[in-house]
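Inspection log for the structure reproduced underneath, given as structure tokens.
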Amino acid sequence: MHTNPSNEMALTSNASNKKETVCIFGTGDFGRALGYKMIQSGYSVVFGSRQAQTSSLIPKDAAVLSHTEAAQKAAIIIIAIPRQHYNFLIPLAEILHGKVLVDVSNNLKLNQYPQSNAEYLAQLIPGAKVVKAFNTVSAWALQSGTLDASRQVFVCGDDKKAKQMVMDIVRALGLTPLDQGSLLAAQEIENYPLQLFPMWKFPIFLSLGLTAFFFFYCLTRDVIYPYVYEKTDFSFFIAISIPNRICPIVALILLALVYLPGVLAAIIQLYRGTKYSRFPVWLDKWMLCRKQLGLVALAFAFLHVLYTLIIPIRYYVRWRMNSRVLSQALNNRTDPFINTNGWLSDSYLALGILGFFLFVLLGITSLPSVSNSVNWQEFRFVQSKLGYLTLILCTAHTLVYGGSRFLNASSYRWYLPNAYMLSLIVPCTVLVVKFVLIFPCLDKPLTQIRQGWERNPRYSEHSNYIINKSAV
Amino acid sequence: MHTNPSNEMALTSNASNKKETVCIFGTGDFGRALGYKMIQSGYSVVFGSRQAQTSSLIPKDAAVLSHTEAAQKAAIIIIAIPRQHYNFLIPLAEILHGKVLVDVSNNLKLNQYPQSNAEYLAQLIPGAKVVKAFNTVSAWALQSGTLDASRQVFVCGDDKKAKQMVMDIVRALGLTPLDQGSLLAAQEIENYPLQLFPMWKFPIFLSLGLTAFFFFYCLTRDVIYPYVYEKTDFSFFIAISIPNRICPIVALILLALVYLPGVLAAIIQLYRGTKYSRFPVWLDKWMLCRKQLGLVALAFAFLHVLYTLIIPIRYYVRWRMNSRVLSQALNNRTDPFINTNGWLSDSYLALGILGFFLFVLLGITSLPSVSNSVNWQEFRFVQSKLGYLTLILCTAHTLVYGGSRFLNASSYRWYLPNAYMLSLIVPCTVLVVKFVLIFPCLDKPLTQIRQGWERNPRYSEHSNYIINKSAV
Amino acid sequence: MHTNPSNEMALTSNASNKKETVCIFGTGDFGRALGYKMIQSGYSVVFGSRQAQTSSLIPKDAAVLSHTEAAQKAAIIIIAIPRQHYNFLIPLAEILHGKVLVDVSNNLKLNQYPQSNAEYLAQLIPGAKVVKAFNTVSAWALQSGTLDASRQVFVCGDDKKAKQMVMDIVRALGLTPLDQGSLLAAQEIENYPLQLFPMWKFPIFLSLGLTAFFFFYCLTRDVIYPYVYEKTDFSFFIAISIPNRICPIVALILLALVYLPGVLAAIIQLYRGTKYSRFPVWLDKWMLCRKQLGLVALAFAFLHVLYTLIIPIRYYVRWRMNSRVLSQALNNRTDPFINTNGWLSDSYLALGILGFFLFVLLGITSLPSVSNSVNWQEFRFVQSKLGYLTLILCTAHTLVYGGSRFLNASSYRWYLPNAYMLSLIVPCTVLVVKFVLIFPCLDKPLTQIRQGWERNPRYSEHSNYIINKSAV
């Protein structure tokens, strides 16, 4: 029962109390910030520098040595110097042999060099195990501890054990390592922090294009036309009235474009009779940015709601309503209540409210933390079933808004139909095709195809390996 | 100082550059997607298949062998075949001995078999170490890299080391393993992806029930009654007016039901004089779905806000206002401003705005990523203190709305009180009881009980182990 | 080809099937809950207690032994007893030698003791390896499995291996360990759960102060002044009209205060000619709570939007509009439409809508899960570029609201300018200074300084190590 504590103590403290030493080449902002954070997390840090002298800027618990001396002290060496200076490592090749070199560098432009910095480093020092990491982390965030932006650290490398060692450090610093595979991924990882919302580009440019088109369309119909024919100045419509026409139109079109690729994929699969053939590239890309399309649509819908709710406090609206009442009063006349108008107005508004409500629900479930806490079936239920319901409600909202105006000649100015009519084309197409696809004669073969059945097995042999993407 | 780099190199590359080999039985969608992802993450993958021939669908870096050959190449074998075909593994039992078998299967129905697939597998091959994992991941998500839904992978198994090996793979694929304990948890894990919002069922059905009840209640009072007695057609009230009565009522009742179980639990604890006796099952369940109840209530409150803000642009409302002004104008009469009405109208609206604002705050703090970044005390402060304040404000909002109408005989049609009066029952009860519980003569013993004091220690001996749930 | 499965089996099951044993000292709520959860996660749990008898409250799979016996069974001992009773561990020092002691205790007050509980424990039992952990987790959350609040477990300790062992347990329980470094961090970790939104204190108190000031300011101008001079009772303005003046003012000032420290930092850096000198402490603190300031500002802006949208259904507003129409009708007069007013009213509203829209976008991107999924450059783009655009739009909204009223003498009551004029001071200052800083003659040296250039290298030698904080 009586153990020998002193012995045990001696053993364990030897094994575990010895802090792991990490070497950092380079004493710039990033190197110092990383060193500072590592010391905080219990590592022993040695800087390798041309002038081996401690500066007041270096964390005080760290030693500054020559590159050679520093490298010999640690198994992991973080290369916190710009790519242009990597050459100076060549004379150190022998010392760096077998060491883990962590490339933390970033470039200034996308694909600045044909070869990624990490691969270039691996080529310069073939005996070392190069791991790419930390390039997405900001020096300031590391230093101040306010990691508001991503805590994710992409890690890649050819040597699994080296990668594991680096990922352990990442975890110890309170960050989340994400293994991206072999060093081939370095190019992508180096491009990552240079990109500004790559998935959002197409949706945003598309919506800006649509906005511009409908702006000039509405300007022509609602401002220029009355100015030409009635000499009335409605230029102030540019501030609210026209935006409030554009927003719902763009929102509805974008929402329909979220569901169009799913419908197209189903048609392609039915036509080809297999799910094992690759979709056209544009369809693949389109499908991958559906979430972003939907969120941009939600932003436009949100603006539409705000513009609509503000209507009754607009000076123009108040003036028009008052002058209408006054003209009735002066003519000693009272407009009767028309029940149909009551129904149309209320159901139009109710459909809009319900559509917007479901749209907001969809938006909330696409927040990363919410979508992470639902299972796959729940996610599909919300994004597909509720999504189609949203599209149906919003389309119905627009149709009821049109009401009897569709056939009214006065709503065609210069042969231009009202803008909302144009907005109905895509959503109605999507809904009609989707409705047709639900019929058993089409739904049954489609389900079979998606379960792996092939009408024409020859087909797939020539095709690449691809998983059915039409989870819609 | 001069190390022998070539030796070191030889050693380390042997140890770490050798990729771990994983075997996958089954070349279906899921098996291939998993294999594809594993190759990307640096594993070496071998498929076991009946026809040991490479198909164009198989990732090109993977070998396809017979089951026997494939199994011998790896320590971990992923069984990506349906449960119905598990029988074919029996002849392979000897080869599978000591291997880690990963069951990734799902069923089509909840509790389809009395025994979970993983346990069935463990029983078929008693010499293998079965681990359940990956069943919640979608093949498409794995393949396309767009893990919009959960990154969580539930893992369970009786063998700790085997489980650790599988969890390492999960992490290497960029997913988050969640250890669920022994293989007994497999049933639950297999049921998980088949469930559609299990925690939401009760709140949603309850709210639908309440909605239906109040719909017919309001329909009777607001549409049928005037039709019978005044021959006026208010059927268009169905679109907005009636929903805008139902929404606040249901929201208020649901919000009160969030706080009712906490109050009931306090009464039970006071009555029993101990916190160590189990609450009735219904109370436990109720407490666990309080968050969902609150969020459904918030959804109804949000709809109420939209329905209310839209009021001034309804055709009916505009017509009624105009006709009121016209009748004044025609009678040459001006209604005077009544200060009391100004107060009532404004304070009623202000209470509603503040209540809704706090409600939205509560909703935001219940987002997973937000509630994860607050500590326990902060979470309780928001959910309990701010929650009660929200309930008080919303109840007051309804009371002021009632104003002097409570005693007005004309608001009782067919002896039915106005619907909002019914909605006040639960919240007022909760607030009154909570108010009583704050009195020192009750609060003091309750605090003592919650700190572990027992009035009647006998009691707890017969009871099961349970932690005090009334954190409210 | 024929392996010897029985041998292999015997080996592996020995190595891995044996469950790790964890010892828990103390059978209170927290100890039992932790034990319960550990058993669920596959650990073997032994309780150490004064009375070594199993109670009905102890999880049934756990043994209850004397402290000495229990401690000998495990390498890790969780000390789930209050700090006041730590003394009883001294006689056990020999048995605890070399063991990992996990301190899970919390205090009742901030900095209750000069020394943290964990350091006190380490001093009492110098031979043990003390790790601080689990103090932020609630017993109820552990037990019920509803970890709504944080899943983060802060871990610190001087022994790296011991810390790693504890972090493995944390992970096995489905929680997220966060390594906080050496045991020196224990004080901070123990204070953490006692703090109530420490980062929010300054923004909330500041906004409450501003609210109080502007409340009395507006009360004087809008209620007391008309009462004194016109004998009219506008006391009901307290409910909506005055809050709707205060909210936008406070929101605008707070939003400007988010961007003021960045501007100040730039001026300081330009003046000092280096980024390597520490900012004043108040500026550092201010910069770290910018996110909270912005979110409080958003809350006020949200209230402003609600208060504004509700305007048309206020009794007072309806009455005033009607009486205006009636006076026109009775005088047989119709006010003409003034185009300038149409422009002013609409552009004022449109600027407000767009400003609020961008503000909401900023708020959404500051949700932890969203900001975690963008890279550093994207985060800066949104928070800096979009942030300034929001500030510009909101300032313009206020300026247009003012319109021609700035010079109107009637808007100065008792020489007090309209409240919105006061709100413009800070945002206009920030925007003007920022605009000046964009000029090349200032922007160029600033950029150089931020890249590390120093006008006067002497300066930095006396300064501490600090990274440039002005990422704005």
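Chain identifiers are assigned as A, B, and so on, following the order in which chains appear in the structure tokens; residues are numbered from 1 within each chain, and ligands are numbered from 1 in order of appearance.
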
- Pick out the residues sitting within 8 Å of range 98-110 of chain B, and hand them over as a PyMOL selection string; count only C-alpha atoms, and ignore anything fewer than 3 positions along from it in its own chain. (chain B and resi 75-83+117-118+121+127-135+162+166+190-191+193-195) or (chain C and resi 5+8-9+12)

Residues of chain A at most 6 Å from chain B: nearest atom pair and distance in Å, only C-alpha atoms, as a tab-separated table:
residue	atom	partner	partner_atom	distance
A:His97	CA	B:Pro5	CA	5.6
A:Gly98	CA	B:Met9	CA	5.2
A:Asp159	CA	B:Asn17	CA	5.2
A:Lys160	CA	B:Ser16	CA	5.6
A:Lys161	CA	B:Ser16	CA	5.0
A:Leu178	CA	B:Gly174	CA	5.6
A:Asp179	CA	B:Ala172	CA	5.8
A:Gly181	CA	B:Ser41	CA	4.3
A:Ala329	CA	B:Leu326	CA	5.9
A:Gly342	CA	B:Tyr316	CA	5.6
A:Trp343	CA	B:Phe236	CA	5.0
A:Ser345	CA	B:Tyr315	CA	5.9
A:Asp346	CA	B:Ala239	CA	5.7
A:Ser347	CA	B:Ala239	CA	5.4
A:Ala350	CA	B:Ala239	CA	6.0
A:Ser369	CA	B:Ser369	CA	5.5
A:Ser371	CA	B:Ala149	CA	5.0
A:Asn372	CA	B:Ser150	CA	3.9
A:Ser373	CA	B:Ser150	CA	5.9
A:Asn375	CA	B:Pro193	CA	5.8
A:Trp376	CA	B:Ala149	CA	5.8
A:Glu378	CA	B:Leu196	CA	5.5
A:Tyr465	CA	B:Leu57	CA	4.3

- Item | Surrounding residues of range 211-225 of chain C excluding itself and chain neighbours under 2 positions, 9 Å, only C-alpha atoms, as an MDAnalysis selection string | chainID C and resid 206:209 227:238 242:243 245:247 249:250 412:414 416:419

Atoms to include: C-alpha atoms. Write the selected residues as a JSON list (two decimals), in the first residue's frame.
[["chain", "number", "residue", "atom", "x", "y", "z"],
["C", 206, "LEU", "CA", -22.93, 54.46, -21.02],
["C", 207, "SER", "CA", -26.17, 53.94, -22.93],
["C", 208, "LEU", "CA", -28.23, 54.16, -19.74],
["C", 209, "GLY", "CA", -26.49, 57.40, -18.85],
["C", 227, "TYR", "CA", -47.20, 72.89, -20.29],
["C", 228, "VAL", "CA", -45.68, 76.12, -18.96],
["C", 229, "TYR", "CA", -46.30, 78.28, -22.02],
["C", 230, "GLU", "CA", -49.33, 76.74, -23.69],
["C", 231, "LYS", "CA", -50.98, 74.93, -20.76],
["C", 232, "THR", "CA", -51.29, 71.82, -22.90],
["C", 233, "ASP", "CA", -50.76, 68.40, -21.35],
["C", 234, "PHE", "CA", -48.44, 66.26, -23.47],
["C", 235, "SER", "CA", -47.46, 63.96, -20.61],
["C", 236, "PHE", "CA", -48.41, 60.91, -22.68],
["C", 237, "PHE", "CA", -45.39, 61.72, -24.87],
["C", 238, "ILE", "CA", -43.41, 59.84, -22.20],
["C", 242, "ILE", "CA", -39.87, 60.76, -26.17],
["C", 243, "PRO", "CA", -38.47, 57.18, -26.32],
["C", 245, "ARG", "CA", -36.42, 60.60, -29.83],
["C", 246, "ILE", "CA", -33.99, 59.04, -27.36],
["C", 247, "CYS", "CA", -33.48, 55.73, -29.18],
["C", 249, "ILE", "CA", -29.97, 59.61, -30.68],
["C", 250, "VAL", "CA", -28.36, 57.05, -28.39],
["C", 412, "TYR", "CA", -35.02, 76.48, -29.85],
["C", 413, "ARG", "CA", -37.05, 76.32, -26.68],
["C", 414, "TRP", "CA", -35.45, 77.91, -23.62],
["C", 416, "LEU", "CA", -32.19, 74.37, -25.94],
["C", 417, "PRO", "CA", -31.60, 73.06, -29.46],
["C", 418, "ASN", "CA", -33.52, 70.06, -30.68],
["C", 419, "ALA", "CA", -32.08, 66.87, -29.19]]

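Going from CA of Gln115 in chain B over to CA of Leu184 in chain B, you cover 9.7 Å.
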
- Message: According to DSSP computed on the backbone, where in range 8-198 of chain A is there helix (DSSP H, G or I)? Give the residues as a ChimeraX atom specification.
- Response: /A:8-17,29-40,67-72,83-96,117-124,139-144,160-172,183-194,198

Could those selected residues go to a file with C-alpha atoms, as a compact mmCIF listing (two decimals), in the first residue's frame?
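Result file follows (selection_29.txt):
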# COMPACT_ATOMS: atom_id res chain seq x y z
CA GLU A 8 7.08 8.36 -9.05
CA MET A 9 7.30 12.10 -8.78
CA ALA A 10 10.74 12.19 -10.30
CA LEU A 11 9.61 10.10 -13.22
CA THR A 12 6.44 11.95 -14.04
CA SER A 13 7.85 15.42 -13.68
CA ASN A 14 10.63 14.48 -16.05
CA ALA A 15 8.17 13.18 -18.55
CA SER A 16 5.57 15.85 -18.42
CA ASN A 17 6.75 19.03 -16.82
CA ASP A 29 4.65 41.04 -36.03
CA PHE A 30 3.26 37.61 -36.74
CA GLY A 31 6.22 35.65 -35.40
CA ARG A 32 6.19 37.61 -32.17
CA ALA A 33 2.42 37.34 -31.73
CA LEU A 34 2.53 33.60 -32.27
CA GLY A 35 5.45 33.28 -29.88
CA TYR A 36 3.66 35.33 -27.25
CA LYS A 37 0.54 33.14 -27.52
CA MET A 38 2.59 29.94 -27.39
CA ILE A 39 4.39 31.01 -24.24
CA GLN A 40 0.99 31.77 -22.72
CA HIS A 67 18.98 30.52 -36.87
CA THR A 68 21.30 27.52 -36.50
CA GLU A 69 21.24 27.47 -32.73
CA ALA A 70 17.51 28.07 -32.52
CA ALA A 71 16.72 25.31 -35.02
CA GLN A 72 18.67 22.76 -33.03
CA ARG A 83 8.62 33.81 -49.22
CA GLN A 84 11.17 36.09 -50.89
CA HIS A 85 13.65 35.34 -48.10
CA TYR A 86 13.20 31.54 -48.08
CA ASN A 87 16.53 31.25 -49.92
CA PHE A 88 18.48 31.89 -46.76
CA LEU A 89 17.21 28.54 -45.45
CA ILE A 90 19.17 26.57 -48.06
CA PRO A 91 22.47 26.69 -46.16
CA LEU A 92 20.60 25.44 -43.09
CA ALA A 93 19.25 22.41 -44.98
CA GLU A 94 21.30 19.94 -43.00
CA ILE A 95 20.13 21.23 -39.64
CA LEU A 96 16.54 21.39 -40.84
CA ASN A 117 4.77 28.92 -50.71
CA ALA A 118 4.65 25.70 -48.73
CA GLU A 119 5.46 23.53 -51.75
CA TYR A 120 8.28 25.89 -52.66
CA LEU A 121 9.64 25.51 -49.14
CA ALA A 122 9.35 21.73 -49.31
CA GLN A 123 11.29 21.80 -52.57
CA LEU A 124 14.02 24.03 -51.12
CA ALA A 139 -1.54 38.64 -35.61
CA TRP A 140 -3.71 41.13 -33.82
CA ALA A 141 -6.36 38.56 -32.97
CA LEU A 142 -3.72 36.20 -31.59
CA GLN A 143 -2.24 38.94 -29.46
CA SER A 144 -5.39 40.54 -28.08
CA LYS A 160 0.93 12.71 -41.11
CA LYS A 161 2.84 12.73 -37.86
CA ALA A 162 4.23 16.21 -38.48
CA LYS A 163 0.73 17.41 -39.28
CA GLN A 164 -0.50 15.87 -36.02
CA MET A 165 2.18 17.70 -34.05
CA VAL A 166 1.18 21.01 -35.59
CA MET A 167 -2.51 20.32 -35.01
CA ASP A 168 -1.77 19.65 -31.35
CA ILE A 169 -0.18 23.08 -31.08
CA VAL A 170 -3.17 24.64 -32.83
CA ARG A 171 -5.49 23.03 -30.31
CA ALA A 172 -3.30 24.09 -27.40
CA LEU A 183 0.56 19.67 -49.25
CA LEU A 184 -1.25 19.98 -52.58
CA ALA A 185 -3.96 21.82 -50.65
CA ALA A 186 -1.47 24.56 -49.71
CA GLN A 187 -2.27 26.66 -52.78
CA GLU A 188 -5.94 26.73 -51.84
CA ILE A 189 -5.16 27.45 -48.19
CA GLU A 190 -2.90 30.33 -49.22
CA ASN A 191 -5.58 31.72 -51.46
CA TYR A 192 -8.26 31.45 -48.78
CA PRO A 193 -7.49 34.59 -46.76
CA LEU A 194 -7.16 36.63 -49.96
CA PRO A 198 -16.03 33.95 -53.14

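Relative to CA of Gly403 in chain C, CA of Gly355 in chain C is found at 17.8 Å.
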
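Minimum atom-to-atom distances from B:Leu210, B:Gln451, B:Asn111, B:Leu344 to Thr398 in chain B were compared using only C-alpha atoms, and the lowest value belongs to B:Leu344.
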
- Message: Taking only range 152-282 of chain A into account, list the residues labelled strand (DSSP E or B) by DSSP (computed from the backbone), as JSON, numbers by chain.
- Response: {"A": [152, 153, 154, 155, 156, 157, 176, 177, 178, 179]}

Would you save the residues of that selection, restricted to N, CA, C and O atoms, as an mmCIF file, in the first residue's frame?
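Wrote part24.cif, looks like this:
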data_model
loop_
_atom_site.group_PDB
_atom_site.id
_atom_site.type_symbol
_atom_site.label_atom_id
_atom_site.label_comp_id
_atom_site.auth_asym_id
_atom_site.auth_seq_id
_atom_site.Cartn_x
_atom_site.Cartn_y
_atom_site.Cartn_z
ATOM 1 N N GLN A 152 -10.722 28.912 -36.992
ATOM 2 C CA GLN A 152 -10.316 27.749 -37.762
ATOM 3 C C GLN A 152 -8.917 27.943 -38.323
ATOM 4 O O GLN A 152 -8.610 28.984 -38.878
ATOM 5 N N VAL A 153 -8.088 26.928 -38.179
ATOM 6 C CA VAL A 153 -6.753 26.948 -38.754
ATOM 7 C C VAL A 153 -6.682 25.784 -39.739
ATOM 8 O O VAL A 153 -6.797 24.618 -39.352
ATOM 9 N N PHE A 154 -6.523 26.102 -40.999
ATOM 10 C CA PHE A 154 -6.381 25.057 -42.003
ATOM 11 C C PHE A 154 -4.961 24.518 -41.941
ATOM 12 O O PHE A 154 -4.000 25.281 -41.918
ATOM 13 N N VAL A 155 -4.851 23.206 -41.910
ATOM 14 C CA VAL A 155 -3.543 22.561 -41.821
ATOM 15 C C VAL A 155 -3.434 21.567 -42.964
ATOM 16 O O VAL A 155 -4.385 20.833 -43.249
ATOM 17 N N CYS A 156 -2.312 21.554 -43.656
ATOM 18 C CA CYS A 156 -2.081 20.497 -44.624
ATOM 19 C C CYS A 156 -0.613 20.141 -44.653
ATOM 20 O O CYS A 156 0.241 20.927 -44.228
ATOM 21 N N GLY A 157 -0.328 18.940 -45.111
ATOM 22 C CA GLY A 157 1.064 18.484 -45.156
ATOM 23 C C GLY A 157 1.111 17.031 -45.588
ATOM 24 O O GLY A 157 0.125 16.299 -45.442
ATOM 25 N N THR A 176 -9.045 25.886 -33.694
ATOM 26 C CA THR A 176 -9.579 24.633 -34.219
ATOM 27 C C THR A 176 -8.840 24.241 -35.492
ATOM 28 O O THR A 176 -8.978 24.913 -36.509
ATOM 29 N N PRO A 177 -8.058 23.179 -35.450
ATOM 30 C CA PRO A 177 -7.367 22.759 -36.674
ATOM 31 C C PRO A 177 -8.321 22.036 -37.615
ATOM 32 O O PRO A 177 -9.200 21.305 -37.187
ATOM 33 N N LEU A 178 -8.169 22.298 -38.903
ATOM 34 C CA LEU A 178 -8.959 21.592 -39.904
ATOM 35 C C LEU A 178 -7.997 20.956 -40.891
ATOM 36 O O LEU A 178 -7.338 21.649 -41.657
ATOM 37 N N ASP A 179 -7.908 19.638 -40.862
ATOM 38 C CA ASP A 179 -6.980 18.917 -41.725
ATOM 39 C C ASP A 179 -7.469 18.997 -43.165
ATOM 40 O O ASP A 179 -8.572 18.573 -43.476
#

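Of note, CA of Thr395 in chain B and CA of Pro427 in chain B are spaced 6.7 Å apart.
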